[in-house]
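**Q** So here's entry-v6.cif, just mmCIF, C-alpha atoms:
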data_my_file
#
loop_
_atom_site.label_atom_id
_atom_site.label_comp_id
_atom_site.auth_asym_id
_atom_site.auth_seq_id
_atom_site.Cartn_x
_atom_site.Cartn_y
_atom_site.Cartn_z
CA MET A 283 16.44 -100.69 117.93
CA ILE A 284 19.87 -100.92 116.29
CA LYS A 285 22.71 -101.29 118.81
CA THR A 286 26.24 -100.29 118.01
CA ASP A 287 29.35 -98.82 119.60
CA ILE A 288 29.58 -95.80 117.35
CA CYS A 289 26.87 -94.17 115.27
CA ILE A 290 28.35 -92.23 112.37
CA ILE A 291 26.05 -89.63 110.86
CA GLY A 292 27.08 -89.27 107.22
CA ALA A 293 28.38 -92.00 104.91
CA GLY A 294 30.78 -89.86 102.89
CA PRO A 295 34.51 -90.55 102.60
CA VAL A 296 35.33 -89.32 106.09
CA GLY A 297 32.49 -91.25 107.75
CA LEU A 298 33.62 -94.37 105.89
CA PHE A 299 37.24 -93.99 106.92
CA ALA A 300 36.12 -93.47 110.53
CA VAL A 301 34.84 -97.07 110.37
CA PHE A 302 38.38 -98.20 109.59
CA GLU A 303 40.06 -96.19 112.34
CA THR A 304 37.52 -97.21 114.99
CA GLY A 305 37.48 -100.78 113.66
CA LEU A 306 41.22 -101.10 114.35
CA LEU A 307 40.31 -100.41 117.98
CA LYS A 308 37.57 -103.07 117.95
CA MET A 309 34.69 -100.59 117.90
CA ARG A 310 31.68 -101.38 115.72
CA CYS A 311 29.96 -98.74 113.60
CA HIS A 312 26.52 -98.08 112.19
CA LEU A 313 26.27 -95.34 109.57
CA ILE A 314 23.18 -93.34 108.69
CA ASP A 315 22.86 -90.99 105.71
CA ALA A 316 20.04 -88.92 104.24
CA LEU A 317 21.09 -89.89 100.73
CA PRO A 318 19.93 -93.25 99.38
CA GLN A 319 23.48 -94.39 98.58
CA ILE A 320 26.89 -94.56 100.27
CA GLY A 321 29.54 -91.98 99.35
CA GLY A 322 28.11 -88.59 100.28
CA GLN A 323 28.71 -85.75 97.85
CA LEU A 324 31.39 -87.78 96.04
CA SER A 325 28.78 -90.24 94.79
CA GLU A 326 25.87 -87.81 94.66
CA ILE A 327 27.42 -84.81 92.96
CA TYR A 328 30.72 -85.54 91.29
CA PRO A 329 31.25 -89.30 90.99
CA HIS A 330 33.30 -88.96 87.80
CA LYS A 331 35.45 -86.02 88.83
CA PRO A 332 39.10 -86.77 89.53
CA ILE A 333 40.54 -85.90 92.94
CA TYR A 334 44.25 -85.07 92.96
CA ASP A 335 45.09 -84.65 96.64
CA ILE A 336 44.55 -88.07 98.14
CA PRO A 337 47.99 -89.19 99.34
CA GLY A 338 49.28 -92.10 97.29
CA PHE A 339 46.83 -91.51 94.43
CA PRO A 340 48.10 -89.04 91.80
CA ALA A 341 44.49 -88.98 90.57
CA ILE A 342 41.45 -90.96 91.57
CA ASN A 343 37.82 -90.61 90.52
CA ALA A 344 35.49 -89.70 93.35
CA GLN A 345 33.39 -92.85 93.01
CA GLN A 346 36.52 -95.01 92.82
CA LEU A 347 37.69 -93.53 96.12
CA VAL A 348 34.34 -94.37 97.69
CA ASP A 349 34.51 -97.93 96.31
CA ASN A 350 38.04 -98.32 97.67
CA LEU A 351 36.95 -97.09 101.10
CA ILE A 352 34.05 -99.55 101.15
CA GLU A 353 36.53 -102.34 100.38
CA GLN A 354 38.93 -101.05 103.02
CA ILE A 355 36.31 -101.08 105.81
CA HIS A 356 34.74 -104.39 104.75
CA PRO A 357 36.62 -106.38 107.45
CA PHE A 358 34.86 -104.33 110.12
CA ASN A 359 31.40 -105.21 108.89
CA PRO A 360 29.74 -101.80 109.22
CA THR A 361 25.96 -101.56 108.97
CA PHE A 362 24.00 -98.82 107.23
CA THR A 363 20.71 -96.96 107.33
CA LEU A 364 20.37 -95.04 104.05
CA GLY A 365 17.82 -92.51 102.83
CA GLU A 366 16.95 -91.39 106.34
CA ARG A 367 17.82 -88.12 108.01
CA VAL A 368 18.76 -87.97 111.68
CA GLU A 369 16.33 -85.70 113.50
CA ILE A 370 17.09 -86.18 117.17
CA VAL A 371 20.16 -87.11 119.20
CA ALA A 372 18.96 -87.87 122.72
CA ARG A 373 21.31 -88.38 125.64
CA GLN A 374 20.40 -91.28 127.93
CA ALA A 375 20.86 -91.46 131.71
CA ASP A 376 24.02 -93.57 131.33
CA GLY A 377 25.59 -91.04 128.93
CA THR A 378 24.97 -93.09 125.78
CA TYR A 379 22.78 -91.83 122.96
CA HIS A 380 19.66 -92.66 121.06
CA ILE A 381 19.81 -91.40 117.50
CA MET A 382 16.41 -91.10 115.82
CA SER A 383 15.67 -90.69 112.13
CA ASN A 384 12.79 -89.08 110.27
CA GLU A 385 11.57 -92.60 109.41
CA GLY A 386 11.46 -93.70 113.03
CA THR A 387 14.69 -95.72 113.07
CA VAL A 388 16.37 -95.65 116.49
CA ILE A 389 20.08 -96.38 116.94
CA HIS A 390 21.63 -96.88 120.38
CA ALA A 391 25.31 -95.95 120.51
CA ALA A 392 27.98 -95.17 123.08
CA VAL A 393 29.44 -92.48 120.85
CA VAL A 394 28.06 -90.23 118.09
CA VAL A 395 30.33 -89.11 115.27
CA ILE A 396 28.94 -86.41 113.00
CA ALA A 397 30.58 -86.69 109.59
CA GLY A 398 27.82 -84.80 107.85
CA GLY A 399 29.87 -82.96 105.22
CA LEU A 400 27.93 -80.02 103.86
CA GLY A 401 24.83 -81.12 105.76
CA SER A 402 21.93 -83.06 104.35
CA PHE A 403 20.76 -82.44 100.81
CA GLU A 404 17.34 -80.84 100.90
CA PRO A 405 15.07 -79.61 98.14
CA ARG A 406 15.69 -75.98 97.16
CA LYS A 407 12.50 -74.03 97.74
CA PRO A 408 11.38 -71.05 95.68
CA GLU A 409 10.70 -67.88 97.63
CA ILE A 410 6.97 -67.52 97.27
CA PRO A 411 4.85 -65.92 99.98
CA GLY A 412 2.82 -68.48 101.88
CA LEU A 413 4.39 -71.49 100.17
CA ALA A 414 5.22 -73.20 103.48
CA ASP A 415 1.55 -73.04 104.53
CA PHE A 416 0.67 -75.44 101.74
CA GLU A 417 3.47 -77.96 102.27
CA GLY A 418 1.75 -81.31 102.61
CA ARG A 419 -1.49 -79.66 101.52
CA GLY A 420 -0.84 -79.71 97.82
CA VAL A 421 2.78 -78.56 97.75
CA SER A 422 5.58 -81.13 97.80
CA TYR A 423 9.20 -80.96 96.71
CA MET A 424 9.60 -84.54 95.57
CA VAL A 425 7.38 -87.19 94.07
CA LYS A 426 7.18 -90.08 96.51
CA ASN A 427 4.08 -91.77 95.16
CA PRO A 428 3.07 -90.83 91.60
CA GLU A 429 -0.35 -92.48 92.08
CA ALA A 430 -1.21 -89.69 94.52
CA TYR A 431 -1.46 -87.41 91.47
CA ARG A 432 -3.91 -89.58 89.54
CA ASP A 433 -6.59 -87.42 87.88
CA LYS A 434 -5.26 -84.31 89.64
CA ARG A 435 -4.32 -80.97 88.13
CA VAL A 436 -0.58 -80.76 88.73
CA VAL A 437 1.85 -77.86 88.31
CA VAL A 438 5.53 -78.81 88.04
CA ALA A 439 8.12 -76.02 88.25
CA GLY A 440 11.76 -76.21 87.22
CA GLY A 441 13.92 -76.95 84.20
CA GLY A 442 16.27 -79.71 85.28
CA ASP A 443 16.12 -83.42 84.64
CA SER A 444 13.78 -84.21 87.48
CA ALA A 445 11.26 -81.54 86.40
CA LEU A 446 11.35 -82.88 82.84
CA ASP A 447 11.18 -86.55 83.82
CA TRP A 448 8.30 -86.10 86.24
CA THR A 449 6.38 -83.96 83.76
CA VAL A 450 6.66 -86.74 81.19
CA PHE A 451 5.74 -89.42 83.72
CA LEU A 452 2.84 -87.57 85.30
CA SER A 453 1.36 -86.64 81.91
CA ASP A 454 -0.02 -90.20 81.81
CA VAL A 455 -1.28 -90.13 85.39
CA ALA A 456 -2.58 -86.68 86.16
CA ALA A 457 -5.67 -85.00 84.69
CA MET A 458 -3.43 -82.16 83.51
CA VAL A 459 0.23 -81.30 83.99
CA THR A 460 1.52 -77.76 83.64
CA LEU A 461 5.28 -77.29 83.48
CA VAL A 462 6.50 -73.83 84.47
CA HIS A 463 10.07 -72.94 83.51
CA ARG A 464 12.01 -69.70 83.79
CA SER A 465 13.76 -69.73 80.43
CA ASP A 466 12.66 -70.88 76.98
CA SER A 467 14.97 -73.86 76.73
CA PHE A 468 15.96 -76.79 78.91
CA ARG A 469 19.44 -77.83 79.97
CA GLY A 470 18.24 -81.25 81.09
CA ALA A 471 18.74 -84.37 78.97
CA PRO A 472 17.87 -83.48 75.33
CA ASP A 473 15.73 -86.63 75.05
CA SER A 474 13.53 -85.58 77.96
CA ALA A 475 13.29 -81.99 76.70
CA GLU A 476 12.20 -83.25 73.29
CA LYS A 477 9.52 -85.42 74.89
CA VAL A 478 8.22 -82.44 76.85
CA PHE A 479 8.02 -80.23 73.74
CA SER A 480 6.28 -83.01 71.86
CA LEU A 481 3.74 -83.55 74.65
CA ALA A 482 3.05 -79.81 74.68
CA GLU A 483 2.52 -79.74 70.90
CA ARG A 484 0.02 -82.57 71.18
CA GLY A 485 -1.83 -80.75 73.97
CA LYS A 486 -0.99 -83.47 76.50
CA ILE A 487 0.66 -80.98 78.83
CA ASN A 488 0.55 -77.27 79.35
CA LEU A 489 4.03 -75.79 78.87
CA LEU A 490 4.65 -72.30 80.24
CA LEU A 491 8.12 -71.04 79.31
CA GLN A 492 9.71 -67.77 80.40
CA SER A 493 7.37 -68.00 83.35
CA ASN A 494 7.84 -68.00 87.11
CA LEU A 495 5.83 -69.07 90.11
CA SER A 496 4.48 -66.03 91.91
CA GLY A 497 2.03 -67.25 94.50
CA VAL A 498 -0.12 -69.96 95.98
CA ARG A 499 -3.75 -69.67 97.01
CA GLY A 500 -6.20 -71.93 98.70
CA ASN A 501 -8.49 -72.36 101.61
CA GLY A 502 -6.68 -74.91 103.77
CA SER A 503 -5.37 -76.81 100.79
CA LEU A 504 -3.98 -75.62 97.48
CA SER A 505 -6.50 -74.46 94.88
CA HIS A 506 -4.58 -72.03 92.65
CA VAL A 507 -1.00 -71.38 91.62
CA GLY A 508 0.01 -67.88 90.58
CA ILE A 509 2.28 -67.67 87.56
CA ILE A 510 3.93 -64.63 86.02
CA GLY A 511 4.39 -65.16 82.32
CA LYS A 512 6.35 -63.54 79.50
CA ASP A 513 4.14 -60.48 79.51
CA LYS A 514 4.81 -59.92 83.23
CA THR A 515 1.18 -60.27 84.19
CA GLU A 516 0.08 -62.76 86.80
CA MET A 517 -2.41 -65.47 86.03
CA LEU A 518 -4.01 -67.84 88.48
CA LEU A 519 -4.08 -71.45 87.44
CA GLU A 520 -6.43 -73.92 89.11
CA ALA A 521 -4.33 -76.68 90.63
CA ASP A 522 -4.55 -79.52 93.14
CA ALA A 523 -0.82 -79.99 93.43
CA LEU A 524 2.35 -77.97 92.99
CA ILE A 525 5.71 -79.71 92.71
CA PRO A 526 8.64 -77.26 92.67
CA LEU A 527 11.72 -79.19 91.49
CA PHE A 528 14.70 -76.87 91.80
CA GLY A 529 17.37 -79.37 92.76
CA LEU A 530 18.96 -80.14 96.08
CA SER A 531 20.93 -77.81 98.28
CA PRO A 532 23.03 -78.80 101.28
CA LYS A 533 21.59 -77.62 104.57
CA LEU A 534 22.84 -78.10 108.11
CA GLY A 535 19.30 -79.18 109.02
CA PRO A 536 18.46 -80.58 112.45
CA ILE A 537 22.15 -80.68 113.47
CA ALA A 538 21.73 -77.00 114.35
CA ASP A 539 19.26 -77.99 117.09
CA TRP A 540 21.43 -80.47 119.01
CA GLY A 541 22.96 -77.98 121.40
CA LEU A 542 26.37 -77.96 119.72
CA ALA A 543 28.44 -74.83 119.23
CA ILE A 544 27.95 -73.72 115.61
CA ASP A 545 29.99 -71.17 113.71
CA LYS A 546 28.99 -70.30 110.13
CA SER A 547 27.10 -73.57 109.60
CA ALA A 548 29.95 -75.70 110.97
CA ILE A 549 30.41 -77.44 114.33
CA VAL A 550 33.14 -76.06 116.56
CA VAL A 551 35.53 -78.80 117.73
CA ASP A 552 38.59 -79.28 119.91
CA THR A 553 41.49 -80.19 117.61
CA SER A 554 43.09 -82.56 120.13
CA ASP A 555 40.41 -85.17 119.40
CA TYR A 556 37.70 -83.43 117.30
CA SER A 557 35.23 -83.63 120.14
CA THR A 558 32.40 -81.14 120.30
CA GLY A 559 31.55 -79.40 123.53
CA VAL A 560 29.06 -82.19 124.26
CA GLU A 561 30.52 -85.36 125.78
CA ARG A 562 30.62 -88.42 123.44
CA ILE A 563 29.73 -86.37 120.36
CA TYR A 564 32.48 -85.81 117.80
CA ALA A 565 32.44 -83.94 114.50
CA ILE A 566 34.86 -84.73 111.68
CA GLY A 567 35.31 -83.71 108.06
CA ASP A 568 33.74 -80.74 106.29
CA ILE A 569 31.07 -80.32 108.96
CA ASN A 570 33.50 -79.12 111.63
CA THR A 571 35.46 -75.93 112.08
CA TYR A 572 38.54 -74.87 114.04
CA PRO A 573 41.32 -72.34 113.55
CA GLY A 574 43.08 -73.24 110.32
CA LYS A 575 40.40 -75.67 109.17
CA LEU A 576 40.72 -76.87 105.59
CA LYS A 577 37.82 -78.67 103.99
CA LEU A 578 39.92 -81.45 102.52
CA ILE A 579 39.19 -85.17 102.49
CA LEU A 580 42.69 -85.88 103.74
CA CYS A 581 42.15 -83.60 106.75
CA GLY A 582 38.93 -85.49 107.51
CA PHE A 583 40.87 -88.77 107.45
CA HIS A 584 43.31 -87.41 110.03
CA GLU A 585 40.45 -86.17 112.17
CA ALA A 586 38.86 -89.63 112.05
CA ALA A 587 42.05 -91.23 113.37
CA LEU A 588 42.32 -88.88 116.35
CA MET A 589 38.60 -89.16 117.09
CA ALA A 590 38.88 -92.97 117.27
CA GLN A 591 41.65 -92.86 119.86
CA SER A 592 39.57 -90.51 122.00
CA ALA A 593 36.22 -92.31 121.60
CA PHE A 594 37.77 -95.61 122.78
CA ARG A 595 37.39 -94.60 126.44
CA TYR A 596 33.60 -94.45 126.12
CA VAL A 597 33.24 -97.83 124.41
CA TYR A 598 35.83 -99.66 126.56
CA PRO A 599 35.97 -97.62 129.78
CA ASP A 600 37.90 -100.33 131.64
CA GLU A 601 40.55 -100.99 129.02
CA LYS A 602 43.81 -99.23 128.39
CA LEU A 603 44.43 -98.18 124.80
CA SER A 604 47.80 -98.94 123.27
CA PHE A 605 48.58 -97.53 119.86
CA LYS A 606 49.42 -100.12 117.21
CA TYR A 607 50.54 -99.99 113.60
CA THR A 608 48.64 -101.96 110.97
CA THR A 609 52.00 -102.92 109.47
CA VAL A 610 52.84 -104.74 112.71
CA ASN A 611 49.41 -106.02 113.71
CA GLY A 612 47.53 -106.25 110.43
CA VAL A 613 43.82 -105.56 110.14
CA ASN A 614 41.91 -107.93 112.36
CA ALA A 615 38.40 -108.42 111.07
CA PHE A 616 35.33 -108.88 113.17
CA MET B 53 45.15 -52.17 82.75
CA ALA B 54 44.52 -51.13 86.32
CA ASP B 55 46.77 -52.31 89.17
CA THR B 56 43.73 -52.36 91.37
CA ILE B 57 40.41 -53.96 90.55
CA HIS B 58 37.42 -51.99 91.78
CA ILE B 59 34.22 -53.93 92.37
CA THR B 60 31.07 -52.37 93.77
CA VAL B 61 29.10 -54.75 95.91
CA GLU B 62 25.57 -54.43 97.17
CA ASN B 63 24.80 -56.79 100.05
CA GLN B 64 21.54 -58.47 100.97
CA LEU B 65 20.50 -55.42 102.99
CA GLY B 66 20.95 -53.10 100.02
CA GLU B 67 24.13 -51.53 101.41
CA THR B 68 26.74 -50.66 98.80
CA ARG B 69 30.50 -50.63 99.22
CA GLN B 70 33.41 -50.56 96.82
CA LEU B 71 36.08 -53.24 97.13
CA GLU B 72 39.64 -52.54 96.00
CA ILE B 73 41.42 -55.72 95.12
CA PRO B 74 45.08 -55.77 94.10
CA ASP B 75 45.64 -57.22 90.65
CA GLY B 76 47.44 -60.54 90.50
CA ILE B 77 45.76 -62.35 93.37
CA ASN B 78 44.60 -65.63 92.07
CA LEU B 79 41.11 -65.78 93.57
CA SER B 80 37.54 -66.16 92.53
CA LEU B 81 35.02 -63.41 93.19
CA MET B 82 33.38 -65.74 95.75
CA GLU B 83 36.65 -66.01 97.68
CA VAL B 84 37.06 -62.24 97.66
CA LEU B 85 33.50 -61.74 98.93
CA LYS B 86 34.04 -64.28 101.70
CA ALA B 87 37.34 -62.69 102.66
CA SER B 88 35.56 -59.31 102.76
CA ASP B 89 33.13 -60.71 105.34
CA TYR B 90 30.07 -60.77 103.16
CA ASN B 91 27.36 -63.16 104.23
CA ILE B 92 27.76 -65.88 101.66
CA LEU B 93 28.08 -69.51 102.62
CA ALA B 94 29.81 -70.86 99.51
CA THR B 95 29.13 -74.26 101.00
CA CYS B 96 30.61 -76.34 98.20
CA GLY B 97 33.85 -74.40 98.13
CA GLY B 98 33.71 -73.28 94.52
CA MET B 99 32.54 -76.26 92.51
CA ALA B 100 29.33 -74.63 91.19
CA LEU B 101 27.34 -77.15 93.19
CA CYS B 102 25.45 -75.26 95.88
CA ALA B 103 24.57 -71.84 94.42
CA THR B 104 25.05 -70.19 97.80
CA CYS B 105 27.27 -67.58 96.07
CA HIS B 106 24.56 -66.54 93.60
CA ILE B 107 25.01 -62.90 92.51
CA GLN B 108 23.35 -60.55 90.06
CA VAL B 109 25.61 -58.51 87.82
CA LEU B 110 24.34 -54.92 87.75
CA GLU B 111 27.06 -53.48 85.51
CA GLY B 112 29.87 -55.08 83.54
CA MET B 113 28.28 -58.35 82.42
CA ASN B 114 30.17 -58.07 79.12
CA THR B 115 33.54 -57.95 80.91
CA LEU B 116 32.99 -61.43 82.33
CA GLU B 117 33.93 -64.67 80.66
CA GLN B 118 31.04 -66.79 79.45
CA ARG B 119 29.37 -69.13 81.89
CA GLY B 120 30.60 -72.70 81.73
CA ASP B 121 28.37 -75.77 81.57
CA ALA B 122 28.52 -76.49 85.31
CA GLU B 123 27.46 -72.93 86.11
CA LEU B 124 24.68 -72.88 83.51
CA ASP B 125 23.35 -76.19 84.78
CA MET B 126 23.27 -74.95 88.36
CA LEU B 127 21.74 -71.56 87.48
CA ASP B 128 19.07 -73.35 85.51
CA THR B 129 17.89 -75.14 88.66
CA LEU B 130 17.52 -71.94 90.69
CA PRO B 131 14.02 -70.57 91.14
CA ASP B 132 15.21 -66.96 91.32
CA ALA B 133 17.93 -66.76 88.67
CA ASP B 134 17.68 -64.42 85.68
CA ASP B 135 19.84 -63.24 82.77
CA GLN B 136 22.04 -61.23 85.13
CA SER B 137 22.70 -64.17 87.41
CA ARG B 138 26.15 -65.60 88.00
CA LEU B 139 27.82 -67.83 90.54
CA ALA B 140 30.60 -65.77 92.11
CA CYS B 141 32.75 -68.87 92.53
CA GLN B 142 32.98 -69.27 88.77
CA ILE B 143 34.32 -65.75 88.16
CA ARG B 144 38.12 -65.48 88.25
CA LEU B 145 39.44 -62.07 89.20
CA SER B 146 41.23 -60.20 86.44
CA PRO B 147 41.89 -56.55 85.57
CA ALA B 148 39.09 -56.80 82.98
CA LEU B 149 36.65 -56.87 85.88
CA ASP B 150 37.55 -53.34 87.00
CA GLY B 151 34.33 -51.36 87.44
CA LEU B 152 32.14 -54.42 87.94
CA LYS B 153 28.98 -53.84 89.94
CA ILE B 154 27.18 -56.72 91.59
CA ARG B 155 24.42 -57.50 94.03
CA ILE B 156 24.67 -60.50 96.34
CA PHE B 157 21.56 -62.47 95.67
CA ALA B 158 22.11 -65.62 97.66
CA ASN B 159 19.73 -65.75 100.56
CA ASN B 160 21.54 -67.46 103.38
#
Do you think you could lay out the structure here as structure tokens?
**A**
Amino acid sequence: MIKTDICIIGAGPVGLFAVFETGLLKMRCHLIDALPQIGGQLSEIYPHKPIYDIPGFPAINAQQLVDNLIEQIHPFNPTFTLGERVEIVARQADGTYHIMSNEGTVIHAAVVVIAGGLGSFEPRKPEIPGLADFEGRGVSYMVKNPEAYRDKRVVVAGGGDSALDWTVFLSDVAAMVTLVHRSDSFRGAPDSAEKVFSLAERGKINLLLQSNLSGVRGNGSLSHVGIIGKDKTEMLLEADALIPLFGLSPKLGPIADWGLAIDKSAIVVDTSDYSTGVERIYAIGDINTYPGKLKLILCGFHEAALMAQSAFRYVYPDEKLSFKYTTVNGVNAF
Amino acid sequence: MADTIHITVENQLGETRQLEIPDGINLSLMEVLKASDYNILATCGGMALCATCHIQVLEGMNTLEQRGDAELDMLDTLPDADDQSRLACQIRLSPALDGLKIRIFANN
């Protein structure tokens, strides 16, 4: 079990800055994020986009801001669990929490800070009747172990980079790969698209353009995938595996089940300290809501500062907190 | 040019209503739909990143400006997009849109 003072769920800019604000008050942090890297949506979605409303930076690239934050919190030696999604937040008898991930990691913390941004990024699923029944029984939304598809008949659906790349990769592994795509061209990397067209010409893959998934069939596990083609008629293709790759979409996910007040996919907080209605659980950044809420990084930074002052009482119940300026006291590492 | 922009909106339940939007407000169609209490999340806030403001244009496609790269890339990843699909966050309101008819497609 990982032991820490504060467990921060979400390693985006606001979660990172929360390490700084709590670190000034001698509280240690462990961060956990569903994405495999630090930085949240800044690193995942728009690393090269400039941000113009960070005070003191007329313009800064999203990834540069993340890198700067990592440098800024370095003195406080935060620890990370990446690529794991928090499933359960369980209150212990003494009021502290156990935070458990989908991979079985357990973190013990006095305080939980949810800095989950838009939520966790989850695969976008096509709306096909019965699809969920075959999840794990032939249908998966990501390729974890390509060897699992050796000598199988695989249907990949989608037109983005991951659909193209996996089609190319699996063409050497699987018995047959069929790529189903809605339009007749690809917007993914031209190189990958060219490879896919070339594989199709050589009969190495089955390329179905202007086609859509329409159904899944099977007795217990997947046996056929329904596809509606150009001519609007449905055909049933024999298949052992279906991999719909339609990108990632932010979802609130398990956070919705933790007993917190939720309004329009955001956690309702008290603006005096950004606490939720549940003791020792705070929510800061884009994930929270209150009258006048603005989803701005700079607002999340402010929220982190107020949260830290409030959370202190749970980590150091016997100590009195006195507010200090970094200009006077510096940043004391630990 | 009209002083008021009329946009007919069909929601996820199939109910249709006409919105009257004063010309000159500098908003996207997504922002107008949100302000009109339609059930769209618009999670990413208008960056063409989440597709939770996915709409189908029923009439007036030719009055809209062309889709940009970010929008085309996102639409291309959606399982249920078609030629009439747009992201409402990428449509700026202008008098040219008067008479537009849309259906909210995003399933939230």
**Q** I'd like the interatomic distance between atom CA of Val507 of chain A and atom CA of Ala521 of chain A, to a tenth of an Å.
**A**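 Going from atom CA of Val507 of chain A over to atom CA of Ala521 of chain A covers 6.3 Å.
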**Q** Taking a cut-off of 6 Å and counting only C-alpha atoms, can you build a table that, for each residue of chain B near chain A, reports the nearest atom pair and how far apart they are in Å (one decimal), sorted by chain then residue number, as JSON lines?
**A**
{"residue": "B:Cys102", "atom": "CA", "partner": "A:Ser531", "partner_atom": "CA", "distance": 5.7}
{"residue": "B:Thr129", "atom": "CA", "partner": "A:Phe528", "partner_atom": "CA", "distance": 4.8}
{"residue": "B:Leu130", "atom": "CA", "partner": "A:Phe528", "partner_atom": "CA", "distance": 5.8}
{"residue": "B:Pro131", "atom": "CA", "partner": "A:Pro408", "partner_atom": "CA", "distance": 5.3}
**Q** On this structure, which residues satisfy the PyMOL selection byres ((chain B and resi 65) around 12), written as a list in words?
**A** Val61, Glu62, Asn63, Gln64, Gly66, Glu67, Thr68, Arg69, Tyr90, Asn91, Arg155, Ile156, Phe157, Ala158 and Asn159 of chain B
**Q** Could you please determine the separation between atom CA of Thr60 of chain B and atom CA of Thr95 of chain B in Å, to one decimal place?
**A**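 Straight-line distance from atom CA of Thr60 of chain B to atom CA of Thr95 of chain B works out to 23.1 Å.
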**Q** Could you write out as a ChimeraX atom specification the residues that the PyMOL selection byres ((chain B and resi 150) around 10) matches in the shown file?
**A** /B:53-60,72-73,75,112,115,145-149,151-153
**Q** For the residues selected in the previous step, produce a file with C-alpha atoms as a PDB file, in the coordinates of the input.
**A**
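In the end it all went to part-v4.pdb:
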ATOM      1  CA  MET B  53      45.150 -52.170  82.750  1.00  0.00           C
ATOM      2  CA  ALA B  54      44.520 -51.130  86.320  1.00  0.00           C
ATOM      3  CA  ASP B  55      46.770 -52.310  89.170  1.00  0.00           C
ATOM      4  CA  THR B  56      43.730 -52.360  91.370  1.00  0.00           C
ATOM      5  CA  ILE B  57      40.410 -53.960  90.550  1.00  0.00           C
ATOM      6  CA  HIS B  58      37.420 -51.990  91.780  1.00  0.00           C
ATOM      7  CA  ILE B  59      34.220 -53.930  92.370  1.00  0.00           C
ATOM      8  CA  THR B  60      31.070 -52.370  93.770  1.00  0.00           C
ATOM      9  CA  GLU B  72      39.640 -52.540  96.000  1.00  0.00           C
ATOM     10  CA  ILE B  73      41.420 -55.720  95.120  1.00  0.00           C
ATOM     11  CA  ASP B  75      45.640 -57.220  90.650  1.00  0.00           C
ATOM     12  CA  GLY B 112      29.870 -55.080  83.540  1.00  0.00           C
ATOM     13  CA  THR B 115      33.540 -57.950  80.910  1.00  0.00           C
ATOM     14  CA  LEU B 145      39.440 -62.070  89.200  1.00  0.00           C
ATOM     15  CA  SER B 146      41.230 -60.200  86.440  1.00  0.00           C
ATOM     16  CA  PRO B 147      41.890 -56.550  85.570  1.00  0.00           C
ATOM     17  CA  ALA B 148      39.090 -56.800  82.980  1.00  0.00           C
ATOM     18  CA  LEU B 149      36.650 -56.870  85.880  1.00  0.00           C
ATOM     19  CA  GLY B 151      34.330 -51.360  87.440  1.00  0.00           C
ATOM     20  CA  LEU B 152      32.140 -54.420  87.940  1.00  0.00           C
ATOM     21  CA  LYS B 153      28.980 -53.840  89.940  1.00  0.00           C
TER      22      LYS B 153
END
**Q** One decimal, in Å: what's the spacing between atom CA of Pro411 of chain A and atom CA of Ile487 of chain A?
**A** 26.3 Å
**Q** Would you kindly return, as a VMD selection string, each protein, DNA or RNA residue with an atom no farther than 6 Å from any atom of segment 137-143 of chain B, considering all atoms listed in the file and excluding same-chain residues fewer than 4 positions away?
**A** chain B and resid 80 to 82 98 105 to 108 133
**Q** Starting from the displayed file, determine the output of the PyMOL selection byres ((chain A and resi 459) around 6) and express the residue list as a list in words.
**A** Val436, Val437, Ser453, Met458, Thr460 and Ile487 of chain A
**Q** Asp545 of chain A: which residues within 10 Å, counting all atoms listed in the file, same-chain residues fewer than 6 positions away excluded, as an mmCIF file with C-alpha atoms, in the coordinates of the input?
**A**
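Contents of out_35.cif, freshly written:
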data_model
loop_
_atom_site.group_PDB
_atom_site.id
_atom_site.type_symbol
_atom_site.label_atom_id
_atom_site.label_comp_id
_atom_site.auth_asym_id
_atom_site.auth_seq_id
_atom_site.Cartn_x
_atom_site.Cartn_y
_atom_site.Cartn_z
ATOM 1 C CA ASN A 570 33.500 -79.120 111.630
ATOM 2 C CA THR A 571 35.460 -75.930 112.080
ATOM 3 C CA TYR A 572 38.540 -74.870 114.040
#
